[in-house]
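These notes concern the structure reproduced below.
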Amino acid sequence: MQHNRRQFLRLAAGFAFSYGLNTRLSLGQEKKATRVILLGTKGGPRVGASGRSNPSTLILINEVPYVVDCGYGTSRQLLAAGMSLDRLRYIFITHHHSDHTIEYGTLFYNAWVTGLPTRIDAYGPTGLEMMTRDFFSFMKDDIDVRIKDEGRPDPHELISAHDINKPGVVLENAQVKVSAGLVRHPMVRQAYAYRFDTKDRSVVVSGDTTYAPELAKLAEGADVLVHEVMYLPGIETLVRRLPNASRLREHLLAAHTVPEDVGRIAAMAKVKTLVLSHFVPGDDPSITDEQWTEGVRKHFNGQIIVGRDLMEI
Ligand SMILES: [Zn+2]
Ligand SMILES: [Zn+2]
């Protein structure tokens, strides 16, 4: 329904544009209270020139940003999405793999030097509190100098990290309830998926996981499921050019989800829209959208979106 309306609006916009009319207003009106913007859609730690940035997803709830994962490039992608960094308020980390954490401290730092006025709350698996303290040690000399020399506020007061030790509700405020569910991502001990229930939408982000039926339970009836995906023939090409090929191949197969299984999870959960993201491999332009979705469609007949950086769902 919404999709049809959007298509209609796009057609109408094109029509109006060709007649020189200002269509911004009519397009703006379709904005939802809860918006999902993919910041980075490439799985894995390697920084490449693929056109996909490393993993991060932005959920905007009544204009308040909730950032899920902080892969390399998250600050830049937030800016590209039109989000000033001093507006940062909540960070969620799905698991302690660098493609989800490497810019965690830096993103906070960037928000601080942009003039962050209020505290950020950050949630993630056990270890996040320590990682936050360690980031402050890592940057100690710089931070001490900037406080004295430039009169900046003490950044220690501007972030509060919360270790999540077990699945369940991790945050609840007037706008949203956020629940964490354990997924399967060996050899990482604690990997979470997050579900955001707001007044107008339910959005689930899988984090990294192999086939995990318990994720379908967490995502039950959700409007949007953002799920990671791995394309096997692409893996074979990828590992062929690497020295640690056989071990890496083993890891990838045990830790990520093939399209058929992504389709199974989406069907089991009866979600409305499935968004593929965290593509593995994420830098092989020869893999077509059709190839990413073919296996998914065998099991899931809802809407399937092949995610791209800065795409809004
Ligand atoms: Zn990852
Ligand atoms: Zn991972």
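Within each chain, counting starts at residue 1; across the structure tokens, chains are named A, B, ... in the order shown, with ligands numbered 1 upward in that order.
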
Could you give me, as a PyMOL selection string, each residue of range 227-289 of chain A that DSSP assigns to strand (DSSP E or B) when run on this structure's backbone?
-> chain A and resi 227-230+273-280

Got a sec to check which residues lie within 7 Å of ligand 1, using only C-alpha atoms and all ligand atoms, and send them as a PyMOL selection string?
-> chain A and resi 43-44+55+97+99-100+208+278

Counting only C-alpha atoms and all ligand atoms, which protein, DNA or RNA residues come within 12 Å of ligand 2, given as a VMD selection string?
-> chain A and resid 42 to 45 54 to 55 69 71 93 to 101 183 to 193 206 to 210 228 to 229 251 to 252 254 to 257 278 to 280

Residue with smallest distance to Asn62 in chain A - pool A:Glu214, A:Asp309, A:Asp283, A:Asp200, counting only C-alpha atoms |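 Using only C-alpha atoms, Asn62 in chain A sits closest to A:Asp200.
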
Do you know which residues are at most 8 Å from range 47-52 of chain A counting only C-alpha atoms, after dropping those on the same chain fewer than 3 positions away, and could you put them as a list in words?
->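 Selected residues are Gly40, Thr41, Lys42, Tyr72, Gly282, Asp283, Asp284, Pro285, Arg308 and Asp309 of chain A.
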
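Taking CA of Glu157 in chain A as the reference point, CA of Gly105 in chain A is found at 14.1 Å.
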
Once DSSP has gone over the backbone, tell me which residues of range 7-187 of chain A are in helix (DSSP H, G or I), as JSON, numbers by chain.
-> {"A": [7, 8, 9, 10, 11, 12, 13, 14, 15, 16, 17, 18, 24, 25, 26, 27, 28, 74, 75, 76, 77, 78, 79, 80, 85, 86, 87, 98, 99, 100, 101, 104, 105, 106, 107, 108, 109, 110, 111, 112, 113, 128, 129, 130, 131, 132, 133, 134, 135, 136, 137, 138, 140, 141, 142, 143, 144, 145, 146, 147, 148, 149, 150, 155, 156, 157, 158]}
